[in-house]
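Containing TSV, C-alpha atoms: data.tsv.
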chain	number	residue	atom	x	y	z
D	573	MET	CA	3.10	-37.40	-2.37
D	574	PRO	CA	0.33	-37.84	-4.97
D	575	THR	CA	1.25	-39.24	-8.36
D	576	ALA	CA	-0.29	-39.17	-11.82
D	577	THR	CA	0.36	-41.35	-14.84
D	578	TYR	CA	0.73	-39.70	-18.23
D	579	ALA	CA	1.82	-41.41	-21.45
D	580	GLY	CA	2.54	-44.55	-19.43
D	581	THR	CA	4.93	-42.85	-16.99
D	582	THR	CA	4.17	-42.18	-13.32
D	583	VAL	CA	5.18	-38.72	-12.10
D	584	GLU	CA	4.97	-36.87	-8.77
D	585	VAL	CA	2.47	-34.03	-8.63
D	586	ASP	CA	1.25	-31.66	-5.91
D	587	ASP	CA	-2.27	-31.60	-4.45
D	588	GLU	CA	-3.56	-29.58	-7.40
D	589	GLY	CA	-1.88	-31.77	-10.02
D	590	PHE	CA	1.11	-29.55	-10.87
D	591	PHE	CA	4.39	-31.36	-11.57
D	592	GLU	CA	6.84	-31.52	-8.68
D	593	ASP	CA	9.75	-32.02	-11.04
D	594	PRO	CA	9.47	-30.31	-14.44
D	595	ASP	CA	12.25	-32.55	-15.76
D	596	GLU	CA	9.90	-35.53	-15.56
D	597	TRP	CA	7.63	-33.92	-18.14
D	598	THR	CA	7.71	-34.92	-21.80
D	599	GLU	CA	5.80	-33.46	-24.75
D	600	ALA	CA	3.99	-36.77	-25.15
D	601	MET	CA	2.31	-36.21	-21.77
D	602	ALA	CA	0.80	-32.84	-22.67
D	603	PRO	CA	-2.28	-33.97	-24.64
D	604	GLU	CA	-3.35	-36.24	-21.81
D	605	ILE	CA	-2.96	-33.52	-19.14
D	606	ALA	CA	-4.80	-31.10	-21.42
D	607	ARG	CA	-7.72	-33.49	-21.84
D	608	ALA	CA	-8.07	-33.73	-18.07
D	609	GLU	CA	-8.24	-29.90	-18.04
D	610	GLY	CA	-10.97	-29.94	-20.69
D	611	ILE	CA	-8.73	-28.94	-23.60
D	612	ASP	CA	-8.84	-31.24	-26.58
D	613	PRO	CA	-7.11	-31.15	-28.99
D	614	LEU	CA	-3.96	-29.15	-28.28
D	615	THR	CA	-3.55	-26.82	-31.24
D	616	GLU	CA	-0.45	-25.11	-32.58
D	617	ASP	CA	-1.46	-21.96	-30.64
D	618	HIS	CA	-1.67	-23.95	-27.40
D	619	TRP	CA	1.80	-25.33	-28.08
D	620	ARG	CA	3.16	-21.87	-28.67
D	621	VAL	CA	2.06	-20.90	-25.16
D	622	LEU	CA	3.26	-24.18	-23.61
D	623	LYS	CA	6.72	-23.85	-25.13
D	624	PHE	CA	6.92	-20.25	-23.97
D	625	MET	CA	5.96	-21.36	-20.44
D	626	ARG	CA	8.70	-24.01	-20.42
D	627	ALA	CA	11.30	-21.54	-21.71
D	628	GLU	CA	10.32	-18.87	-19.14
D	629	TYR	CA	10.46	-21.41	-16.35
D	630	ALA	CA	13.88	-22.68	-17.46
D	631	ASP	CA	15.11	-19.10	-17.62
D	632	LYS	CA	13.56	-17.58	-14.50
D	633	GLY	CA	12.60	-20.49	-12.27
D	634	THR	CA	8.95	-19.49	-12.23
D	635	GLY	CA	6.11	-19.53	-14.75
D	636	PRO	CA	4.99	-16.22	-16.27
D	637	THR	CA	1.81	-14.40	-15.26
D	638	VAL	CA	-0.99	-13.80	-17.77
D	639	ARG	CA	0.20	-10.22	-18.19
D	640	VAL	CA	3.74	-11.31	-19.08
D	641	LEU	CA	2.35	-14.01	-21.37
D	642	GLY	CA	0.16	-11.45	-23.14
D	643	LYS	CA	3.05	-9.05	-23.60
D	644	THR	CA	5.83	-11.40	-24.63
D	645	SER	CA	4.49	-14.71	-25.94
D	646	GLY	CA	2.96	-13.24	-29.09
D	647	VAL	CA	-0.49	-14.44	-27.98
D	648	SER	CA	-2.80	-11.68	-26.71
D	649	VAL	CA	-4.61	-11.80	-23.35
D	650	LYS	CA	-7.91	-12.21	-25.19
D	651	GLU	CA	-6.60	-15.17	-27.20
D	652	LEU	CA	-5.00	-16.68	-24.10
D	653	TYR	CA	-8.38	-16.84	-22.38
D	654	GLN	CA	-9.93	-18.36	-25.51
D	655	LEU	CA	-7.22	-21.04	-25.57
D	656	PHE	CA	-7.30	-21.68	-21.81
D	657	PRO	CA	-10.72	-20.57	-20.49
D	658	LYS	CA	-10.05	-21.82	-16.96
D	659	GLY	CA	-7.11	-19.42	-16.51
D	660	PRO	CA	-4.20	-19.30	-18.99
D	661	ALA	CA	-1.19	-19.07	-16.66
D	662	LYS	CA	-2.46	-21.75	-14.32
D	663	THR	CA	-3.77	-24.20	-16.93
D	664	ALA	CA	-0.82	-23.79	-19.27
D	665	ALA	CA	1.61	-24.31	-16.37
D	666	LYS	CA	-0.11	-27.55	-15.46
D	667	ILE	CA	-0.08	-28.86	-19.04
D	668	ALA	CA	3.54	-27.73	-19.52
D	669	GLY	CA	4.61	-29.62	-16.38
D	670	ILE	CA	5.86	-26.64	-14.39
D	671	PRO	CA	4.80	-25.45	-10.90
D	672	LYS	CA	1.80	-23.19	-10.48
D	673	PRO	CA	2.85	-19.56	-10.98
D	674	ARG	CA	2.54	-17.51	-7.80
D	675	GLY	CA	1.66	-13.85	-8.21
D	676	CYS	CA	-1.27	-11.54	-7.67
D	677	ILE	CA	-1.31	-9.86	-11.07
X	1284	MET	CA	-11.69	-27.08	1.48
X	1285	GLY	CA	-15.17	-25.76	0.73
X	1286	GLU	CA	-16.95	-25.48	-2.59
X	1287	PRO	CA	-14.86	-23.63	-5.17
X	1288	ILE	CA	-15.98	-20.09	-6.01
X	1289	GLU	CA	-17.37	-19.93	-9.53
X	1290	LYS	CA	-18.46	-16.33	-9.89
X	1291	VAL	CA	-17.70	-12.97	-8.26
X	1292	SER	CA	-19.34	-9.58	-8.75
X	1293	ILE	CA	-17.20	-6.72	-7.51
X	1294	ILE	CA	-18.57	-3.27	-6.73
X	1295	VAL	CA	-16.11	-0.38	-6.99
X	1296	SER	CA	-17.49	2.60	-5.09
X	1297	LYS	CA	-14.38	4.67	-4.39
X	1298	GLY	CA	-12.35	6.81	-6.72
X	1299	SER	CA	-9.04	6.69	-4.85
X	1300	LEU	CA	-6.04	4.63	-5.89
X	1301	GLU	CA	-6.39	2.44	-2.81
X	1302	GLY	CA	-10.10	2.06	-3.51
X	1303	VAL	CA	-9.66	1.00	-7.13
X	1304	TYR	CA	-6.60	-1.29	-7.21
X	1305	PRO	CA	-7.85	-3.98	-4.79
X	1306	ALA	CA	-11.00	-4.39	-6.87
X	1307	LEU	CA	-8.99	-4.69	-10.09
X	1308	ILE	CA	-6.56	-7.17	-8.56
X	1309	MET	CA	-9.44	-9.29	-7.27
X	1310	ALA	CA	-11.24	-9.26	-10.63
X	1311	ASN	CA	-8.11	-10.09	-12.60
X	1312	GLY	CA	-7.11	-12.74	-10.05
X	1313	ALA	CA	-10.55	-14.32	-10.29
X	1314	ARG	CA	-10.27	-14.63	-14.07
X	1315	ALA	CA	-6.76	-16.07	-13.73
X	1316	GLU	CA	-8.28	-18.82	-11.59
X	1317	GLY	CA	-11.00	-19.46	-14.13
X	1318	ILE	CA	-13.64	-17.71	-12.00
X	1319	GLU	CA	-16.27	-15.64	-13.81
X	1320	ALA	CA	-15.96	-11.96	-12.80
X	1321	ASN	CA	-18.01	-8.80	-13.23
X	1322	LEU	CA	-17.08	-5.29	-12.13
X	1323	PHE	CA	-19.72	-2.72	-11.29
X	1324	PHE	CA	-18.51	0.89	-11.04
X	1325	THR	CA	-20.65	3.13	-8.88
X	1326	PHE	CA	-20.34	6.61	-7.34
X	1327	PHE	CA	-16.74	7.83	-7.32
X	1328	GLY	CA	-15.62	4.42	-8.51
X	1329	LEU	CA	-16.80	5.62	-11.93
X	1330	ASP	CA	-13.65	7.75	-12.13
X	1331	ALA	CA	-11.68	4.55	-12.81
X	1332	VAL	CA	-13.60	4.11	-16.07
X	1333	HIS	CA	-14.09	7.79	-16.93
X	1334	LYS	CA	-12.21	8.68	-20.13
X	1335	LYS	CA	-10.87	11.94	-18.73
X	1336	ARG	CA	-10.12	10.67	-15.24
X	1337	TRP	CA	-8.87	7.10	-15.35
X	1338	GLU	CA	-5.28	8.24	-15.87
X	1339	HIS	CA	-5.49	10.55	-12.87
X	1340	ILE	CA	-6.60	8.33	-9.98
X	1341	LYS	CA	-4.87	9.48	-6.79
X	1342	VAL	CA	-4.15	8.21	-3.29
X	1343	ALA	CA	-6.33	9.76	-0.58
X	1344	THR	CA	-3.97	11.72	1.66
X	1345	VAL	CA	-6.70	13.06	3.94
X	1346	GLY	CA	-8.53	10.77	6.36
X	1347	ASN	CA	-6.19	7.90	5.54
X	1348	PRO	CA	-4.39	6.84	8.73
X	1349	GLY	CA	-2.72	3.93	6.89
X	1350	LEU	CA	-0.55	6.42	5.05
X	1351	HIS	CA	1.17	7.43	8.33
X	1352	LEU	CA	1.24	11.01	7.24
X	1353	ALA	CA	0.20	13.88	9.52
X	1354	SER	CA	-3.36	14.91	8.60
X	1355	VAL	CA	-2.28	18.51	8.27
X	1356	ALA	CA	0.29	17.50	5.62
X	1357	GLY	CA	-2.32	15.60	3.64
X	1358	VAL	CA	-4.27	18.74	2.80
X	1359	LEU	CA	-1.30	20.60	1.32
X	1360	PRO	CA	-1.41	21.12	-2.44
X	1361	GLY	CA	0.53	18.52	-4.37
X	1362	VAL	CA	0.90	16.01	-1.53
X	1363	SER	CA	-1.63	13.62	-3.01
X	1364	SER	CA	0.15	13.77	-6.38
X	1365	VAL	CA	3.54	13.15	-4.80
X	1366	MET	CA	2.27	10.18	-2.77
X	1367	THR	CA	0.53	8.79	-5.85
X	1368	HIS	CA	3.67	9.15	-7.92
X	1369	TYR	CA	5.68	7.42	-5.20
X	1370	LEU	CA	3.28	4.47	-5.02
X	1371	GLU	CA	3.02	4.23	-8.80
X	1372	SER	CA	6.78	4.05	-9.20
X	1373	LYS	CA	6.92	1.28	-6.58
X	1374	MET	CA	4.13	-0.59	-8.36
X	1375	GLU	CA	5.87	-0.28	-11.70
X	1376	LYS	CA	8.93	-1.97	-10.21
X	1377	LEU	CA	6.67	-4.84	-9.11
X	1378	ASP	CA	5.24	-4.98	-12.64
X	1379	ILE	CA	1.75	-3.89	-11.51
X	1380	PRO	CA	0.02	-2.23	-14.48
X	1381	SER	CA	-1.38	1.30	-14.45
X	1382	ILE	CA	-5.15	1.61	-13.96
X	1383	PRO	CA	-5.95	2.12	-17.68
X	1384	GLU	CA	-3.75	-0.81	-18.73
X	1385	PHE	CA	-5.19	-2.97	-15.96
X	1386	ILE	CA	-8.77	-2.21	-16.99
X	1387	GLU	CA	-8.02	-2.99	-20.64
X	1388	MET	CA	-6.43	-6.27	-19.60
X	1389	ILE	CA	-9.34	-7.22	-17.33
X	1390	ALA	CA	-11.80	-6.59	-20.16
X	1391	ASP	CA	-9.63	-8.84	-22.37
X	1392	THR	CA	-9.84	-11.64	-19.80
X	1393	GLY	CA	-13.57	-11.77	-20.53
X	1394	ALA	CA	-14.69	-10.06	-17.31
X	1395	GLY	CA	-17.73	-7.79	-17.67
X	1396	LEU	CA	-17.38	-4.10	-16.78
X	1397	TYR	CA	-20.52	-2.09	-16.06
X	1398	GLY	CA	-21.44	1.41	-14.95
X	1399	CYS	CA	-24.12	2.11	-12.36
X	1400	LYS	CA	-27.14	3.91	-13.78
X	1401	ALA	CA	-27.99	5.87	-10.62
X	1402	SER	CA	-24.43	7.25	-10.41
X	1403	VAL	CA	-24.16	8.04	-14.11
X	1404	ASP	CA	-27.44	9.98	-13.85
X	1405	LEU	CA	-26.32	11.69	-10.66
X	1406	PHE	CA	-23.08	12.95	-12.21
X	1407	GLY	CA	-24.77	13.84	-15.51
X	1408	LEU	CA	-22.66	11.38	-17.49
X	1409	THR	CA	-23.44	9.21	-20.51
X	1410	LYS	CA	-21.90	5.99	-21.80
X	1411	ASP	CA	-19.74	8.14	-24.10
X	1412	ASP	CA	-17.97	9.64	-21.08
X	1413	LEU	CA	-16.89	6.17	-20.02
X	1414	VAL	CA	-14.10	4.08	-21.53
X	1415	ASP	CA	-14.86	1.60	-24.32
X	1416	GLN	CA	-14.36	-1.36	-21.98
X	1417	ILE	CA	-17.66	-0.54	-20.24
X	1418	LYS	CA	-20.17	-2.93	-21.76
X	1419	ASP	CA	-23.28	-1.23	-20.50
X	1420	ILE	CA	-24.88	1.01	-17.91
X	1421	ILE	CA	-27.10	-1.07	-15.71
X	1422	THR	CA	-29.51	-0.67	-12.83
X	1423	VAL	CA	-29.01	-2.18	-9.40
X	1424	GLY	CA	-31.70	-4.76	-10.24
X	1425	GLU	CA	-29.82	-5.83	-13.35
X	1426	PHE	CA	-26.66	-6.04	-11.28
X	1427	TYR	CA	-28.31	-8.45	-8.83
X	1428	GLU	CA	-29.61	-10.56	-11.70
X	1429	MET	CA	-26.10	-10.75	-13.10
X	1430	ALA	CA	-24.62	-11.53	-9.68
X	1431	ALA	CA	-27.08	-14.34	-8.97
X	1432	GLY	CA	-25.45	-17.54	-7.81
X	1433	GLY	CA	-22.09	-15.92	-7.10
X	1434	HIS	CA	-20.36	-13.85	-4.46
X	1435	ILE	CA	-20.59	-10.07	-4.14
X	1436	ILE	CA	-17.58	-8.03	-3.05
X	1437	PHE	CA	-17.89	-4.34	-2.17
X	1438	THR	CA	-14.83	-2.12	-2.17

Reformat the file's structure so that it appears as structure tokens.
Amino acid sequence: MPTATYAGTTVEVDDEGFFEDPDEWTEAMAPEIARAEGIDPLTEDHWRVLKFMRAEYADKGTGPTVRVLGKTSGVSVKELYQLFPKGPAKTAAKIAGIPKPRGCI
Amino acid sequence: MGEPIEKVSIIVSKGSLEGVYPALIMANGARAEGIEANLFFTFFGLDAVHKKRWEHIKVATVGNPGLHLASVAGVLPGVSSVMTHYLESKMEKLDIPSIPEFIEMIADTGAGLYGCKASVDLFGLTKDDLVDQIKDIITVGEFYEMAAGGHIIFT
């Protein structure tokens, strides 16, 4: 199992770098993961999305798709792609320490 | 694993529900993966971005063996509408957006949507007949320029 070290703590990740155990994630790790994804700094808007991702995952056991994010997070699809140009659902899930969302839409 | 895909250009040539959705899903999915995506609507595919038609895209019930419907039934009035309604209600349950909503969303992801000049001319259309998400009407040469360095998908 691959590992990664964020904020001085070693965590288990999958082949693509998504957390195996979302409980190992802390907010202090987020800026470091974001930097590796090319996002620096993490703004308040980024955090709004990250917190929404965490809450959705805790509630439903899976991260939301971009469509759900755009409809319910208060951040529009257009803004989501400006915040996370490499794919909002995927990138935000990685930074928020939850598994990669699976879905075709 | 091979080299990651960085750009896709998707040609939509059919105006049926089953012709349009796969192209939209592939374009949206590409953007979700951080892949640059352009959609090029040509021939009957233009219906998907035609202001008066994009809400009325229907399943082909004739010449569509995958539907498992007797050919003779497919030609009856209303059958295409009923089958379309049936599929749409199933898609809604799976949270798949309608074609207009999907196209708006794909434009918002930063994908480029274009109309094909030859087809627009053929059908006597102008840019005003097409939805606002269409950035431009382009020639096949311009399409190839735009597609350079990426993959081309024809649906």

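Separating atom CA of X:Leu1322 from atom CA of X:Thr1392 is a distance of 12.3 Å.
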
In Å, rounded to a single decimal, give me how far atom CA of D:Ala579 is from atom CA of D:Gly635.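 Straight-line distance from atom CA of D:Gly635 to atom CA of D:Ala579 works out to 23.3 Å.
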
Using only C-alpha atoms, the best pick from X:Lys1410, X:Lys1418, X:Lys1373, X:His1368 as closest to X:Lys1341 would be X:His1368

Pick from X:Asn1311, X:Asn1321, X:Ser1364, X:Thr1344: nearest to X:Gly1433, with all atoms listed in the file counted?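 Between X:Asn1311, X:Asn1321, X:Ser1364, X:Thr1344, the residue approaching X:Gly1433 most closely is X:Asn1321.
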
With 7 Å as the limit and counting all atoms listed in the file, what residues in chain X lie close to chain D? Please list them as a count of residues only. 11

As an exercise, work out the distance from atom CA of D:Tyr578 to atom CA of D:Gly669 in Å and give it to one decimal place.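 Rounded to one decimal, the two atoms are 11.0 Å apart.
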
Is it possible to get the axis-aligned box enclosing stretch 1316-1322 of chain X (all listed atoms, 6 Å extra per side) as JSON, with centre and edge lengths in Å rounded to one decimal?
{"center_x": -13.1, "center_y": -12.4, "center_z": -12.9, "size_x": 21.7, "size_y": 26.2, "size_z": 14.5}

Would you list the contacts of D:Trp597 as a PyMOL selection string, taking every protein, DNA or RNA residue within 10 Å and counting all atoms listed in the file, but skipping same-chain residues closer than 4 positions in sequence? chain D and resi 578+581+583+591-593+601-602+667-670

Looking at X:Val1362, X:Leu1370, X:Ala1430, X:Ile1436, which one is nearest to X:Ile1293, with distances taken over all atoms listed in the file? X:Ile1436

Scan for residues within 12 Å of the point (-9.7, 10.4, -22.9) in the coordinates of the file, using all atoms listed in the file, and reply as a PyMOL selection string. chain X and resi 1330-1339+1383+1411-1415

May I ask you to restore N, CA and C atoms in stretch 601-628 of chain D and write the result as a PDB file, in the frame of the given file?
ATOM      1  N   MET D 601       3.267 -36.222 -22.878  1.00  0.00           N
ATOM      2  CA  MET D 601       2.310 -36.210 -21.770  1.00  0.00           C
ATOM      3  C   MET D 601       1.266 -35.094 -21.909  1.00  0.00           C
ATOM      4  N   ALA D 602       1.629 -34.051 -22.638  1.00  0.00           N
ATOM      5  CA  ALA D 602       0.800 -32.840 -22.670  1.00  0.00           C
ATOM      6  C   ALA D 602      -0.649 -33.077 -23.114  1.00  0.00           C
ATOM      7  N   PRO D 603      -0.882 -33.816 -24.219  1.00  0.00           N
ATOM      8  CA  PRO D 603      -2.280 -33.970 -24.640  1.00  0.00           C
ATOM      9  C   PRO D 603      -3.158 -34.615 -23.578  1.00  0.00           C
ATOM     10  N   GLU D 604      -2.588 -35.553 -22.848  1.00  0.00           N
ATOM     11  CA  GLU D 604      -3.350 -36.240 -21.810  1.00  0.00           C
ATOM     12  C   GLU D 604      -3.692 -35.303 -20.639  1.00  0.00           C
ATOM     13  N   ILE D 605      -2.709 -34.484 -20.225  1.00  0.00           N
ATOM     14  CA  ILE D 605      -2.960 -33.520 -19.140  1.00  0.00           C
ATOM     15  C   ILE D 605      -4.000 -32.510 -19.615  1.00  0.00           C
ATOM     16  N   ALA D 606      -3.873 -32.086 -20.863  1.00  0.00           N
ATOM     17  CA  ALA D 606      -4.800 -31.100 -21.420  1.00  0.00           C
ATOM     18  C   ALA D 606      -6.230 -31.633 -21.422  1.00  0.00           C
ATOM     19  N   ARG D 607      -6.377 -32.895 -21.813  1.00  0.00           N
ATOM     20  CA  ARG D 607      -7.720 -33.490 -21.840  1.00  0.00           C
ATOM     21  C   ARG D 607      -8.356 -33.449 -20.459  1.00  0.00           C
ATOM     22  N   ALA D 608      -7.563 -33.758 -19.443  1.00  0.00           N
ATOM     23  CA  ALA D 608      -8.070 -33.730 -18.070  1.00  0.00           C
ATOM     24  C   ALA D 608      -8.482 -32.319 -17.656  1.00  0.00           C
ATOM     25  N   GLU D 609      -7.910 -31.309 -18.319  1.00  0.00           N
ATOM     26  CA  GLU D 609      -8.240 -29.900 -18.040  1.00  0.00           C
ATOM     27  C   GLU D 609      -9.348 -29.403 -18.968  1.00  0.00           C
ATOM     28  N   GLY D 610      -9.871 -30.309 -19.788  1.00  0.00           N
ATOM     29  CA  GLY D 610     -10.970 -29.940 -20.690  1.00  0.00           C
ATOM     30  C   GLY D 610     -10.511 -29.338 -22.006  1.00  0.00           C
ATOM     31  N   ILE D 611      -9.232 -29.485 -22.334  1.00  0.00           N
ATOM     32  CA  ILE D 611      -8.730 -28.940 -23.600  1.00  0.00           C
ATOM     33  C   ILE D 611      -8.356 -30.077 -24.541  1.00  0.00           C
ATOM     34  N   ASP D 612      -9.067 -30.161 -25.644  1.00  0.00           N
ATOM     35  CA  ASP D 612      -8.840 -31.240 -26.580  1.00  0.00           C
ATOM     36  C   ASP D 612      -9.345 -30.803 -27.956  1.00  0.00           C
ATOM     37  N   PRO D 613      -8.533 -30.786 -28.985  1.00  0.00           N
ATOM     38  CA  PRO D 613      -7.110 -31.150 -28.990  1.00  0.00           C
ATOM     39  C   PRO D 613      -6.219 -29.949 -28.646  1.00  0.00           C
ATOM     40  N   LEU D 614      -4.950 -30.224 -28.448  1.00  0.00           N
ATOM     41  CA  LEU D 614      -3.960 -29.150 -28.280  1.00  0.00           C
ATOM     42  C   LEU D 614      -3.581 -28.642 -29.667  1.00  0.00           C
ATOM     43  N   THR D 615      -3.849 -27.378 -29.923  1.00  0.00           N
ATOM     44  CA  THR D 615      -3.550 -26.820 -31.240  1.00  0.00           C
ATOM     45  C   THR D 615      -2.137 -26.219 -31.245  1.00  0.00           C
ATOM     46  N   GLU D 616      -1.752 -25.760 -32.429  1.00  0.00           N
ATOM     47  CA  GLU D 616      -0.450 -25.110 -32.580  1.00  0.00           C
ATOM     48  C   GLU D 616      -0.342 -23.893 -31.650  1.00  0.00           C
ATOM     49  N   ASP D 617      -1.454 -23.150 -31.518  1.00  0.00           N
ATOM     50  CA  ASP D 617      -1.460 -21.960 -30.640  1.00  0.00           C
ATOM     51  C   ASP D 617      -1.257 -22.360 -29.176  1.00  0.00           C
ATOM     52  N   HIS D 618      -1.900 -23.454 -28.761  1.00  0.00           N
ATOM     53  CA  HIS D 618      -1.670 -23.950 -27.400  1.00  0.00           C
ATOM     54  C   HIS D 618      -0.186 -24.250 -27.208  1.00  0.00           C
ATOM     55  N   TRP D 619       0.385 -24.926 -28.187  1.00  0.00           N
ATOM     56  CA  TRP D 619       1.800 -25.330 -28.080  1.00  0.00           C
ATOM     57  C   TRP D 619       2.717 -24.126 -28.003  1.00  0.00           C
ATOM     58  N   ARG D 620       2.336 -23.066 -28.719  1.00  0.00           N
ATOM     59  CA  ARG D 620       3.160 -21.870 -28.670  1.00  0.00           C
ATOM     60  C   ARG D 620       3.249 -21.352 -27.231  1.00  0.00           C
ATOM     61  N   VAL D 621       2.100 -21.363 -26.551  1.00  0.00           N
ATOM     62  CA  VAL D 621       2.060 -20.900 -25.160  1.00  0.00           C
ATOM     63  C   VAL D 621       2.827 -21.880 -24.261  1.00  0.00           C
ATOM     64  N   LEU D 622       2.610 -23.179 -24.463  1.00  0.00           N
ATOM     65  CA  LEU D 622       3.260 -24.180 -23.610  1.00  0.00           C
ATOM     66  C   LEU D 622       4.781 -24.086 -23.712  1.00  0.00           C
ATOM     67  N   LYS D 623       5.269 -23.936 -24.937  1.00  0.00           N
ATOM     68  CA  LYS D 623       6.720 -23.850 -25.130  1.00  0.00           C
ATOM     69  C   LYS D 623       7.275 -22.576 -24.506  1.00  0.00           C
ATOM     70  N   PHE D 624       6.495 -21.501 -24.597  1.00  0.00           N
ATOM     71  CA  PHE D 624       6.920 -20.250 -23.970  1.00  0.00           C
ATOM     72  C   PHE D 624       6.984 -20.411 -22.446  1.00  0.00           C
ATOM     73  N   MET D 625       5.984 -21.105 -21.888  1.00  0.00           N
ATOM     74  CA  MET D 625       5.960 -21.360 -20.440  1.00  0.00           C
ATOM     75  C   MET D 625       7.209 -22.131 -20.009  1.00  0.00           C
ATOM     76  N   ARG D 626       7.528 -23.181 -20.746  1.00  0.00           N
ATOM     77  CA  ARG D 626       8.700 -24.010 -20.420  1.00  0.00           C
ATOM     78  C   ARG D 626       9.981 -23.162 -20.475  1.00  0.00           C
ATOM     79  N   ALA D 627      10.091 -22.346 -21.528  1.00  0.00           N
ATOM     80  CA  ALA D 627      11.300 -21.540 -21.710  1.00  0.00           C
ATOM     81  C   ALA D 627      11.434 -20.504 -20.580  1.00  0.00           C
ATOM     82  N   GLU D 628      10.308 -19.867 -20.226  1.00  0.00           N
ATOM     83  CA  GLU D 628      10.320 -18.870 -19.140  1.00  0.00           C
ATOM     84  C   GLU D 628      10.709 -19.527 -17.816  1.00  0.00           C
TER      85      GLU D 628
END
